[in-house]
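**Q** Dropping the structure in here first, questions after.
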Amino acid sequence: MGRRVAIVGTGQTYHKSHRPDVTSKEMIYEAVTAALADAELAIRDIDAIVIGNMDHFESINYVDAYSVEGSGAFMKPIMKVTTGGTTGTTVAIAAYYHVASGLFDRVMAIGFEKNSESDTTGAIITCSDAIWDRFSYSGAIPSLATEATAYMEKYGATQEDAALIGERDRNHALNNPYAHLQKPLTVADIMGSPMLAYPIKLGDICPRSDGACACIMAADGIAQKLTRKPAWFKAASVRHTYTWFGDSTDYNKGLVSLQRASKEAYDQAGITNPVEEIDVAELYLPYTWAGLKWIEDIGFCGPGKAARFVGDRNTHMGGKLPINPSGGVISTNCIGATALLRVAEAAIQIMGKGGKRQVPDVKNALATGFGGCFWSDVVILSSERPA
Amino acid sequence: MNKAAIIGVAQTKYERRKKDQIFADMVFDVTRAALDDAGLVLDDIDSVVTVSNDFFDGRTISGMSVGDASGGQDKNISTVSGDGTFGAFYGLMRVLSGYQATIVVAHYKGSESDVKITTNGMFDPIFHRLLGIEMISAAALQANAYMNRYGIGEEAFAEVSVKNHGNAQNNPFAQLPMKITVKDVMKSRKIAEPLKLLDCGPISDGAAAIVIADEKIAARGKKKPVWIKGVAHCCEDYFLGDRDLASPVALREAAMKAYAMAGIKTPLKEIDVAEVLEPYSYMEPLWLEGLGFCEPGEGGTLIGKGITTMDGKLPVNASGGALSSNPILVAGLARLIEAVLQVRGEAGARQVKKVNTALAHGFNGACGQSHCVWIVGGKK
């Protein structure tokens, strides 16, 4: 195995649907300087940088080259990685391997998106195969609407069950000064919001945000000197199971990529009972039904049991396993940064820097990324240095 | 370093238009061929890196188009958006982190996009894009800066084109094997002053793949492992006006680091063959200066002195380089593959005699903003 690696600092911008005050480069700079300040480091201390976004949202080719003045990569190694919605976890995991490999000691991961500079669905739609998938089954909402309908049909879950996820996350967002949508929603608000694609209503789905996030990873031996409580990587697993949307539609199997990725992550982290052993989860839930169905796939409760599990307030703040103390993706969604924010928020919880959104005594925190063709990434961070 | 080796390589023939193949078809072919070359099966591979670019592919989440074809369906997979040498670098880091074998695949179809539009997108959207600047006109600016600094003539660049198209005649994968003269280059159609058609790499379709493995897997591979001795990359400033285009400082830094890792002190003596990414003829001498094979300003004299020709002290681009086949992104990985083939002694008619140590190079961004340098060798 490679070297042990920990997150020693995080930084994020404030988020809005449109940030005309900054270019994407300046937005990156905002996150980078915040992360450096958090880790009490200067840019000269950073050995390498990994950056990611989705090209078609800003329409800039070679973002690694473009962003140098914002990222601080001048005369440093910088690499761009990108995988759609999972880009944020892809960036975090790439930075992790930079350090684990032994080639670099302190590495910065950056994710950003300025969604205001694009037509989000217009860009996303081109991820589908131009001949087979694009005209039938593309864009973010249709595939999710199908998944939600199938889930309700199979387990009898209701739209209200899903709306509770929205109510939970939008309420959690009030504790997070960086969250984009700071207006609380109730189940009734969500039920009364405009229908987008049955059963998904406006209150069920994530916004599009402008924002950036940066995380600093450091090697074993260095991390302990930089911070009192490093957030150690215990697991990083990736399953991009499907290539064709047409293959991903057997919803009765569940979200196969998340089942596989979380199983591998638990094996890596030595976790046998996730609900007992994980103290907080920051999940990439782009819409409310994901907060039901996907927590079954990740093993927080049995198949069909999520509505009850969430209804009993196990996943609210103060519950057994709080999910998305930050307000999650339903409150803030700067796509290339979204999954990195999940990792950063998990690290924040371990480092005890969560302020009003802090969950007490966090030992293990789990973060996920979702994107592409129903793909899943899982990262587990811990206050304990892995053996 | 000696902890990881390249044990399998494959590339398609590079062509102007592969009408019968989508990305997945090309990538499946090279994935399969690289595994066969390594003597491995897909189950031996536990990590996949694709080299994909949304702009060039005209498809967002471009890695998605080759997920299953690259064997990444149920594996830890990721995508590097950049030159193939950077994708390979990520593949190496994964092996050094504990994966046993990573396959790195790169794909590009120039025939399906307009490079003037896709590379105009590299430039600043507010200040520069409206000027119409793109990869080729930026390269022309750099060529002019280089010529003016050192008083180099266009003929010196033309010689590179003659040499590399000539070398391509020995490479069955090359798109433009040609026997041409300096006069042919000088007479070819002007593209952007001072670059002429034959100073520029062609539009190409193609794919390539390599397998990077740890010592254990390398020991049971079918072919002689080619060990990774040193590798580094470095990026300089973005705005062309803020850079000294005639001085590749990022390349110098990356080369210094890679040489230090590989224990190389005098590159010209210790490196037996070099494959550098030169989609424009002037780039080869300029990069050779950055790589420390000669003093600044002397790159243009290396062919005349017979140093970089096939029988010279340091043959450069024995494969014909990017001037003869230029699938962007894939082209950098092809340089690394050619270096591997040279070390193995499997380069056929383009084989350089007695190769122990080879250099491969690729870059990202306009005028070589970010460079990656690899040193590979046969002896541990």
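Following the order of the structure tokens, first chain is A, next is B, and so on, with residues numbered from 1 inside each chain and ligands from 1 in the order they appear.
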For chain A, which residues have at least one atom within 7 Å of chain B, if we go by only C-alpha atoms? Write them as a PyMOL selection string, please.
**A** chain A and resi 1-2+55-56+59-62+65-66+68+73-78+80-84+90+97-98+100-101+123-124+126-127+237-243+372
**Q** What does the file look like for those residues with N, CA and C atoms, as a tab-separated table (two decimals), in the first residue's frame?
**A**
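Listed below is the output, selection-v1.tsv:
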```tsv
chain	number	residue	atom	x	y	z
A	1	MET	N	0.83	-1.22	0.00
A	1	MET	CA	0.00	0.00	0.00
A	1	MET	C	0.86	1.26	0.00
A	2	GLY	N	0.23	2.32	-0.44
A	2	GLY	CA	0.93	3.60	-0.49
A	2	GLY	C	1.00	4.25	0.89
A	55	ASP	N	-15.88	20.88	-18.66
A	55	ASP	CA	-15.49	21.85	-19.70
A	55	ASP	C	-16.66	22.63	-20.27
A	56	HIS	N	-17.76	21.93	-20.52
A	56	HIS	CA	-18.83	22.56	-21.28
A	56	HIS	C	-19.65	23.56	-20.47
A	59	SER	N	-17.03	26.46	-20.95
A	59	SER	CA	-16.50	26.50	-22.30
A	59	SER	C	-15.05	26.98	-22.33
A	60	ILE	N	-14.25	26.41	-21.45
A	60	ILE	CA	-12.81	26.69	-21.48
A	60	ILE	C	-12.07	25.36	-21.62
A	61	ASN	N	-11.28	25.26	-22.66
A	61	ASN	CA	-10.51	24.05	-22.91
A	61	ASN	C	-9.19	24.16	-22.13
A	62	TYR	N	-8.67	23.07	-21.64
A	62	TYR	CA	-7.43	23.06	-20.83
A	62	TYR	C	-7.54	24.00	-19.63
A	65	ALA	N	-4.45	24.76	-17.57
A	65	ALA	CA	-3.57	25.81	-18.09
A	65	ALA	C	-4.18	27.19	-17.85
A	66	TYR	N	-5.48	27.30	-18.07
A	66	TYR	CA	-6.19	28.58	-17.94
A	66	TYR	C	-6.16	29.13	-16.51
A	68	VAL	N	-4.12	28.91	-13.95
A	68	VAL	CA	-2.87	28.99	-13.19
A	68	VAL	C	-2.84	30.17	-12.20
A	73	ALA	N	-0.65	27.49	-9.64
A	73	ALA	CA	0.17	26.42	-10.22
A	73	ALA	C	1.38	26.93	-11.01
A	74	PHE	N	1.65	28.22	-10.95
A	74	PHE	CA	2.79	28.75	-11.70
A	74	PHE	C	4.09	28.04	-11.28
A	75	MET	N	4.73	27.42	-12.25
A	75	MET	CA	5.95	26.63	-12.06
A	75	MET	C	5.78	25.47	-11.08
A	76	LYS	N	4.57	24.92	-11.10
A	76	LYS	CA	4.29	23.71	-10.33
A	76	LYS	C	3.64	22.68	-11.25
A	77	PRO	N	3.63	21.41	-10.82
A	77	PRO	CA	2.87	20.42	-11.59
A	77	PRO	C	1.37	20.62	-11.37
A	78	ILE	N	0.60	20.68	-12.43
A	78	ILE	CA	-0.85	20.71	-12.32
A	78	ILE	C	-1.44	19.73	-13.32
A	80	LYS	N	-5.28	18.05	-14.81
A	80	LYS	CA	-6.74	18.16	-14.81
A	80	LYS	C	-7.38	16.79	-14.89
A	81	VAL	N	-8.31	16.53	-13.98
A	81	VAL	CA	-9.10	15.30	-14.06
A	81	VAL	C	-10.57	15.68	-14.08
A	82	THR	N	-11.37	14.90	-14.77
A	82	THR	CA	-12.77	15.26	-14.90
A	82	THR	C	-13.61	14.04	-15.21
A	83	THR	N	-14.74	13.89	-14.50
A	83	THR	CA	-15.63	12.75	-14.75
A	83	THR	C	-17.10	13.13	-14.58
A	84	GLY	N	-17.45	14.36	-14.90
A	84	GLY	CA	-18.85	14.76	-14.76
A	84	GLY	C	-19.19	15.08	-13.32
A	90	THR	N	-13.37	12.65	-7.88
A	90	THR	CA	-12.27	12.27	-8.77
A	90	THR	C	-11.03	13.12	-8.48
A	97	TYR	N	-3.94	10.05	-4.33
A	97	TYR	CA	-2.91	9.18	-4.92
A	97	TYR	C	-1.60	9.95	-5.18
A	98	HIS	N	-1.70	11.24	-5.47
A	98	HIS	CA	-0.48	12.04	-5.63
A	98	HIS	C	0.41	11.88	-4.39
A	100	ALA	N	-0.15	9.55	-1.76
A	100	ALA	CA	0.05	8.14	-1.41
A	100	ALA	C	1.19	7.53	-2.20
A	101	SER	N	1.38	7.99	-3.44
A	101	SER	CA	2.43	7.44	-4.31
A	101	SER	C	3.83	7.73	-3.79
A	123	ALA	N	-25.56	21.40	-21.79
A	123	ALA	CA	-24.21	20.83	-21.73
A	123	ALA	C	-24.27	19.36	-21.34
A	124	ILE	N	-25.09	19.05	-20.33
A	124	ILE	CA	-25.11	17.67	-19.82
A	124	ILE	C	-25.62	16.68	-20.87
A	126	THR	N	-25.05	16.35	-23.83
A	126	THR	CA	-24.06	15.82	-24.78
A	126	THR	C	-23.22	14.70	-24.19
A	127	CYS	N	-23.44	14.33	-22.92
A	127	CYS	CA	-22.68	13.19	-22.39
A	127	CYS	C	-23.23	11.88	-22.95
A	237	SER	N	-13.03	4.65	-3.13
A	237	SER	CA	-13.46	3.64	-4.09
A	237	SER	C	-14.30	4.26	-5.20
A	238	VAL	N	-14.14	3.74	-6.38
A	238	VAL	CA	-14.80	4.31	-7.56
A	238	VAL	C	-15.46	3.19	-8.36
A	239	ARG	N	-16.73	3.37	-8.69
A	239	ARG	CA	-17.37	2.44	-9.62
A	239	ARG	C	-18.14	3.25	-10.67
A	240	HIS	N	-17.61	3.28	-11.86
A	240	HIS	CA	-18.32	3.93	-12.97
A	240	HIS	C	-18.85	2.80	-13.86
A	241	THR	N	-19.85	2.15	-13.30
A	241	THR	CA	-20.27	0.85	-13.81
A	241	THR	C	-20.84	0.91	-15.23
A	242	TYR	N	-21.60	1.97	-15.51
A	242	TYR	CA	-22.31	1.99	-16.79
A	242	TYR	C	-21.69	2.97	-17.79
A	243	THR	N	-21.87	2.69	-19.05
A	243	THR	CA	-21.43	3.56	-20.13
A	243	THR	C	-22.63	4.06	-20.92
A	372	GLY	N	-22.14	11.25	-14.10
A	372	GLY	CA	-22.00	10.48	-15.32
A	372	GLY	C	-23.22	9.64	-15.59
```
**Q** Give me the residues near segment 217-224 of chain A as a PyMOL selection string, where near means some atom within 6 Å (using only C-alpha atoms) and where sequence neighbours in that chain fewer than 2 positions away do not count.
**A** chain A and resi 4-8+99+105-107+226-227
**Q** Could those residues be written to a file, using C-alpha atoms, as a compact mmCIF listing (two decimals), in the first residue's frame?
**A**
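Contents of the output file part27.txt:
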```
# COMPACT_ATOMS: atom_id res chain seq x y z
CA ARG A 4 -1.09 7.27 4.59
CA VAL A 5 -2.69 10.56 3.58
CA ALA A 6 -4.79 13.12 5.42
CA ILE A 7 -6.72 16.27 4.61
CA VAL A 8 -5.19 19.15 6.56
CA VAL A 99 0.51 11.89 -1.97
CA ASP A 105 4.07 15.61 0.16
CA ARG A 106 1.46 18.40 0.03
CA VAL A 107 -1.08 18.48 -2.76
CA LEU A 226 0.26 20.76 10.22
CA THR A 227 -2.91 20.24 12.18
```
**Q** Could you give me the residues within segment 193-268 of chain A that DSSP places in alpha helix (DSSP H), as a ChimeraX atom specification?
**A** /A:223-226,256-268
**Q** Closest to Leu285 of chain A among A:Thr86, A:Ser262, A:Asn175, A:Ser116, using only C-alpha atoms?
**A**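 Among A:Thr86, A:Ser262, A:Asn175, A:Ser116, it is A:Thr86 that comes nearest to Leu285 of chain A.
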**Q** Find the residues around Leu164 of chain A up to 8 Å (only C-alpha atoms counted), leave out those fewer than 3 positions away in its own chain, and share them as a ChimeraX atom specification.
**A** /A:160-161,167-168,186-187,288,310-311
**Q** So which bits of segment 84-284 of chain A end up strand (DSSP E) when you DSSP the backbone, as a ChimeraX atom specification?
**A** /A:106-114,195-197,200-201,210-219,231-239,280-282
**Q** Could you list, as JSON, numbers by chain, every residue within 12 Å of segment 189-193 of chain B, counting only C-alpha atoms and ignoring same-chain residues fewer than 4 positions away?
**A** {"B": [133, 134, 135, 136, 137, 138, 139, 140, 141, 142, 143, 144, 145, 147, 154, 184, 185, 197, 198, 199, 200, 201, 280]}
**Q** Please produce a file of those selected residues containing N, CA and C atoms, as an mmCIF file, in the first residue's frame.
**A**
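Saved to out04.cif:
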```cif
data_model
loop_
_atom_site.group_PDB
_atom_site.id
_atom_site.type_symbol
_atom_site.label_atom_id
_atom_site.label_comp_id
_atom_site.auth_asym_id
_atom_site.auth_seq_id
_atom_site.Cartn_x
_atom_site.Cartn_y
_atom_site.Cartn_z
ATOM 1 N N ILE B 133 -7.486 33.899 -32.023
ATOM 2 C CA ILE B 133 -6.264 33.119 -31.795
ATOM 3 C C ILE B 133 -6.627 31.682 -31.441
ATOM 4 N N GLU B 134 -5.878 30.732 -31.967
ATOM 5 C CA GLU B 134 -6.039 29.321 -31.624
ATOM 6 C C GLU B 134 -4.653 28.681 -31.638
ATOM 7 N N MET B 135 -4.639 27.353 -31.500
ATOM 8 C CA MET B 135 -3.384 26.624 -31.351
ATOM 9 C C MET B 135 -2.343 26.973 -32.425
ATOM 10 N N ILE B 136 -2.799 27.069 -33.674
ATOM 11 C CA ILE B 136 -1.831 27.232 -34.765
ATOM 12 C C ILE B 136 -1.274 28.656 -34.789
ATOM 13 N N SER B 137 -2.161 29.664 -34.642
ATOM 14 C CA SER B 137 -1.640 31.030 -34.680
ATOM 15 C C SER B 137 -0.792 31.328 -33.446
ATOM 16 N N ALA B 138 -1.123 30.686 -32.311
ATOM 17 C CA ALA B 138 -0.281 30.852 -31.124
ATOM 18 C C ALA B 138 1.099 30.251 -31.369
ATOM 19 N N ALA B 139 1.097 29.073 -31.994
ATOM 20 C CA ALA B 139 2.376 28.428 -32.308
ATOM 21 C C ALA B 139 3.206 29.319 -33.233
ATOM 22 N N ALA B 140 2.527 29.983 -34.166
ATOM 23 C CA ALA B 140 3.241 30.867 -35.091
ATOM 24 C C ALA B 140 3.899 32.024 -34.335
ATOM 25 N N LEU B 141 3.206 32.541 -33.328
ATOM 26 C CA LEU B 141 3.808 33.597 -32.500
ATOM 27 C C LEU B 141 5.071 33.092 -31.815
ATOM 28 N N GLN B 142 4.968 31.858 -31.310
ATOM 29 C CA GLN B 142 6.124 31.298 -30.618
ATOM 30 C C GLN B 142 7.283 31.046 -31.587
ATOM 31 N N ALA B 143 6.952 30.558 -32.779
ATOM 32 C CA ALA B 143 7.998 30.321 -33.785
ATOM 33 C C ALA B 143 8.718 31.626 -34.113
ATOM 34 N N ASN B 144 7.943 32.700 -34.278
ATOM 35 C CA ASN B 144 8.547 34.006 -34.567
ATOM 36 C C ASN B 144 9.434 34.484 -33.424
ATOM 37 N N ALA B 145 8.937 34.325 -32.199
ATOM 38 C CA ALA B 145 9.722 34.762 -31.038
ATOM 39 C C ALA B 145 11.051 34.020 -30.990
ATOM 40 N N MET B 147 12.620 32.485 -33.549
ATOM 41 C CA MET B 147 13.485 32.871 -34.677
ATOM 42 C C MET B 147 14.164 34.208 -34.411
ATOM 43 N N GLU B 154 13.811 29.881 -41.292
ATOM 44 C CA GLU B 154 12.727 28.903 -41.474
ATOM 45 C C GLU B 154 13.251 27.561 -41.987
ATOM 46 N N ASP B 184 10.542 21.482 -50.558
ATOM 47 C CA ASP B 184 9.112 21.131 -50.519
ATOM 48 C C ASP B 184 8.421 21.810 -49.344
ATOM 49 N N VAL B 185 9.096 21.786 -48.201
ATOM 50 C CA VAL B 185 8.512 22.400 -47.009
ATOM 51 C C VAL B 185 8.370 23.899 -47.230
ATOM 52 N N LEU B 197 2.341 24.501 -44.361
ATOM 53 C CA LEU B 197 1.603 23.241 -44.188
ATOM 54 C C LEU B 197 2.500 22.115 -43.662
ATOM 55 N N LEU B 198 3.692 21.994 -44.245
ATOM 56 C CA LEU B 198 4.561 20.875 -43.858
ATOM 57 C C LEU B 198 5.330 21.147 -42.563
ATOM 58 N N ASP B 199 5.138 22.331 -41.985
ATOM 59 C CA ASP B 199 5.662 22.595 -40.637
ATOM 60 C C ASP B 199 4.674 22.153 -39.563
ATOM 61 N N CYS B 200 3.477 21.765 -39.993
ATOM 62 C CA CYS B 200 2.410 21.459 -39.037
ATOM 63 C C CYS B 200 2.028 19.984 -39.097
ATOM 64 N N GLY B 201 1.742 19.406 -37.924
ATOM 65 C CA GLY B 201 1.244 18.041 -37.878
ATOM 66 C C GLY B 201 -0.128 17.971 -38.529
ATOM 67 N N TYR B 280 4.425 21.085 -34.299
ATOM 68 C CA TYR B 280 4.958 22.090 -35.229
ATOM 69 C C TYR B 280 6.472 21.924 -35.266
#
```
**Q** Using only C-alpha atoms, which protein or nucleic acid residues come within 9 Å of segment 33-45 of chain B? Drop anything in the same chain fewer than 5 positions from it, and give the result as a list in words.
**A**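 Answer for this query is Ile6, Ile7, Gly8, Val9, Ala10, Gln11, Phe28, Gly71, Lys75, Tyr99, Gln100, Ala101, Thr102, Ile103, Ala208, Ala209, Ile210, Val211, Ala213, Ile217, Ala218, Arg220, Gly221, Lys222 and Lys223 of chain B.
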**Q** Near segment 135-145 of chain A, within 12 Å and counting only C-alpha atoms, which residues show up once chain neighbours fewer than 4 positions away are dropped, as a short mmCIF file (atom, residue, chain, number, x, y, z; two decimals) with N, CA and C atoms, in the first residue's frame?
**A**
```
data_model
loop_
_atom_site.label_atom_id
_atom_site.label_comp_id
_atom_site.auth_asym_id
_atom_site.auth_seq_id
_atom_site.Cartn_x
_atom_site.Cartn_y
_atom_site.Cartn_z
N GLY A 84 -17.45 14.36 -14.90
CA GLY A 84 -18.85 14.76 -14.76
C GLY A 84 -19.19 15.08 -13.32
N GLY A 85 -20.35 14.63 -12.86
CA GLY A 85 -20.78 14.93 -11.49
C GLY A 85 -19.82 14.43 -10.43
N ASP A 119 -25.68 26.72 -20.17
CA ASP A 119 -27.00 26.10 -20.08
C ASP A 119 -26.73 24.69 -19.57
N THR A 120 -27.05 24.45 -18.31
CA THR A 120 -26.63 23.20 -17.66
C THR A 120 -27.14 21.97 -18.41
N THR A 121 -28.41 21.94 -18.70
CA THR A 121 -28.94 20.75 -19.37
C THR A 121 -28.41 20.66 -20.80
N GLY A 122 -28.28 21.81 -21.45
CA GLY A 122 -27.72 21.81 -22.81
C GLY A 122 -26.34 21.18 -22.85
N ALA A 123 -25.56 21.40 -21.79
CA ALA A 123 -24.21 20.83 -21.73
C ALA A 123 -24.27 19.36 -21.34
N ILE A 124 -25.09 19.05 -20.33
CA ILE A 124 -25.11 17.67 -19.82
C ILE A 124 -25.62 16.68 -20.87
N ILE A 125 -26.54 17.16 -21.68
CA ILE A 125 -27.18 16.27 -22.65
C ILE A 125 -26.16 15.64 -23.60
N THR A 126 -25.05 16.35 -23.83
CA THR A 126 -24.06 15.82 -24.78
C THR A 126 -23.22 14.70 -24.19
N CYS A 127 -23.44 14.33 -22.92
CA CYS A 127 -22.68 13.19 -22.39
C CYS A 127 -23.23 11.88 -22.95
N SER A 128 -24.44 11.89 -23.42
CA SER A 128 -25.04 10.67 -23.95
C SER A 128 -24.54 10.40 -25.36
N ASP A 129 -24.47 9.14 -25.70
CA ASP A 129 -24.04 8.76 -27.04
C ASP A 129 -24.90 9.47 -28.08
N ALA A 130 -24.22 10.04 -29.07
CA ALA A 130 -24.91 10.90 -30.03
C ALA A 130 -25.94 10.15 -30.86
N ILE A 131 -25.72 8.86 -31.05
CA ILE A 131 -26.63 8.11 -31.92
C ILE A 131 -27.72 7.39 -31.12
N THR A 149 -39.72 7.03 -9.93
CA THR A 149 -41.00 6.37 -10.18
C THR A 149 -40.89 4.88 -9.90
N ALA A 150 -39.79 4.29 -10.37
CA ALA A 150 -39.59 2.85 -10.16
C ALA A 150 -39.49 2.54 -8.67
N TYR A 151 -38.82 3.43 -7.93
CA TYR A 151 -38.65 3.19 -6.48
C TYR A 151 -40.00 3.26 -5.76
N MET A 152 -40.80 4.27 -6.13
CA MET A 152 -42.12 4.42 -5.48
C MET A 152 -42.99 3.22 -5.78
N GLN A 159 -44.41 10.65 -2.42
CA GLN A 159 -43.72 11.90 -2.72
C GLN A 159 -43.41 12.66 -1.44
N MET A 195 -44.12 21.10 -10.84
CA MET A 195 -43.68 19.79 -11.33
C MET A 195 -42.70 19.98 -12.49
N LEU A 196 -41.53 19.30 -12.43
CA LEU A 196 -40.56 19.37 -13.54
C LEU A 196 -40.70 18.14 -14.44
N ALA A 197 -40.59 16.97 -13.83
CA ALA A 197 -40.80 15.71 -14.55
C ALA A 197 -41.26 14.74 -13.48
N TYR A 198 -42.46 14.25 -13.61
CA TYR A 198 -43.07 13.46 -12.55
C TYR A 198 -42.13 12.37 -12.06
N PRO A 199 -41.93 12.20 -10.79
CA PRO A 199 -42.52 12.92 -9.64
C PRO A 199 -41.62 14.04 -9.10
N ILE A 200 -40.66 14.49 -9.91
CA ILE A 200 -39.70 15.47 -9.39
C ILE A 200 -40.26 16.88 -9.54
N LYS A 201 -40.32 17.57 -8.40
CA LYS A 201 -40.79 18.95 -8.40
C LYS A 201 -39.60 19.87 -8.12
N LEU A 202 -39.79 21.14 -8.32
CA LEU A 202 -38.69 22.09 -8.16
C LEU A 202 -38.02 21.95 -6.79
N ASP A 204 -37.62 19.37 -5.09
CA ASP A 204 -36.96 18.07 -4.94
C ASP A 204 -35.55 18.06 -5.51
N ILE A 205 -35.21 19.07 -6.30
CA ILE A 205 -33.99 18.95 -7.11
C ILE A 205 -32.97 20.02 -6.71
N CYS A 206 -31.70 19.71 -7.01
CA CYS A 206 -30.61 20.62 -6.66
C CYS A 206 -30.66 21.88 -7.52
N PRO A 207 -30.09 22.98 -7.01
CA PRO A 207 -29.98 24.19 -7.83
C PRO A 207 -28.74 24.10 -8.72
N ARG A 208 -28.49 25.12 -9.51
CA ARG A 208 -27.18 25.25 -10.16
C ARG A 208 -26.50 26.45 -9.52
N TRP A 244 -23.67 3.23 -20.94
CA TRP A 244 -24.88 3.56 -21.71
C TRP A 244 -26.04 3.75 -20.73
N PHE A 245 -26.81 4.82 -20.91
CA PHE A 245 -27.97 5.02 -20.05
C PHE A 245 -28.95 3.85 -20.21
N GLY A 246 -29.00 3.30 -21.39
CA GLY A 246 -29.90 2.18 -21.64
C GLY A 246 -29.58 0.97 -20.78
N ASP A 247 -28.31 0.85 -20.35
CA ASP A 247 -27.91 -0.28 -19.50
C ASP A 247 -28.19 -0.02 -18.03
N SER A 248 -28.44 1.25 -17.70
CA SER A 248 -28.50 1.62 -16.28
C SER A 248 -29.93 1.62 -15.76
N THR A 249 -30.86 1.13 -16.58
CA THR A 249 -32.27 1.33 -16.24
C THR A 249 -32.94 0.18 -15.50
N ASP A 250 -32.16 -0.83 -15.10
CA ASP A 250 -32.78 -1.89 -14.30
C ASP A 250 -32.79 -1.43 -12.84
N TYR A 251 -33.77 -0.57 -12.53
CA TYR A 251 -33.75 0.07 -11.23
C TYR A 251 -34.05 -0.89 -10.09
N LEU A 255 -28.96 1.11 -7.13
CA LEU A 255 -27.84 1.83 -7.73
C LEU A 255 -26.59 0.97 -7.58
N LEU A 285 -26.50 13.85 -3.02
CA LEU A 285 -27.91 13.54 -3.31
C LEU A 285 -28.46 14.67 -4.18
N PRO A 286 -28.49 14.49 -5.50
CA PRO A 286 -28.89 15.58 -6.37
C PRO A 286 -30.40 15.83 -6.35
N TYR A 287 -31.15 14.88 -5.85
CA TYR A 287 -32.60 15.05 -5.73
C TYR A 287 -33.09 14.21 -4.57
N THR A 288 -34.30 14.49 -4.12
CA THR A 288 -34.73 13.95 -2.83
C THR A 288 -34.83 12.43 -2.79
N TRP A 289 -35.31 11.79 -3.87
CA TRP A 289 -35.47 10.33 -3.84
C TRP A 289 -34.14 9.63 -3.60
N ALA A 290 -33.06 10.26 -4.02
CA ALA A 290 -31.74 9.67 -3.78
C ALA A 290 -31.50 9.51 -2.28
N LYS A 293 -33.55 6.06 -1.66
CA LYS A 293 -33.10 4.84 -2.33
C LYS A 293 -31.61 4.58 -2.13
N TRP A 294 -30.80 5.63 -2.28
CA TRP A 294 -29.36 5.40 -2.28
C TRP A 294 -28.82 5.07 -0.90
N ILE A 335 -21.28 22.16 -9.87
CA ILE A 335 -21.11 20.75 -10.22
C ILE A 335 -19.69 20.20 -10.05
N PHE A 370 -21.59 11.47 -7.12
CA PHE A 370 -22.50 10.82 -8.07
C PHE A 370 -22.43 11.58 -9.38
N GLY A 371 -22.51 10.86 -10.49
CA GLY A 371 -22.51 11.59 -11.75
C GLY A 371 -22.45 10.66 -12.94
N GLY A 372 -22.14 11.25 -14.10
CA GLY A 372 -22.00 10.48 -15.32
C GLY A 372 -23.22 9.64 -15.59
N CYS A 373 -22.98 8.36 -15.80
CA CYS A 373 -24.05 7.43 -16.15
C CYS A 373 -24.37 6.59 -14.92
N PHE A 374 -24.97 7.24 -13.90
CA PHE A 374 -25.26 6.57 -12.63
C PHE A 374 -23.99 5.99 -11.99
N THR B 60 -19.68 16.02 -23.44
CA THR B 60 -19.36 16.28 -22.05
C THR B 60 -19.18 14.93 -21.34
#
```
**Q** Applying 9 Å and only C-alpha atoms, which residues near segment 355-363 of chain A remain after dropping the ones on its own chain fewer than 5 positions away? List them as JSON, numbers by chain.
**A** {"A": [172, 173, 174, 175, 176, 277, 278, 279, 280, 317, 318, 322, 325, 326, 348, 349, 350, 381, 382, 383, 384]}
**Q** Name the closest residue to Phe363 of chain B among the candidates B:Met186, B:Val160, B:Leu277, B:Ile203; distances are taken between atoms, counting only C-alpha atoms.
**A**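 Of all the options, B:Leu277 lies closest to Phe363 of chain B.
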**Q** Between atom CA of Ile295 of chain A and atom CA of Lys229 of chain A, measure the distance and give it in Å to one decimal.
**A**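 Computing it gives 28.0 Å between the two atoms.
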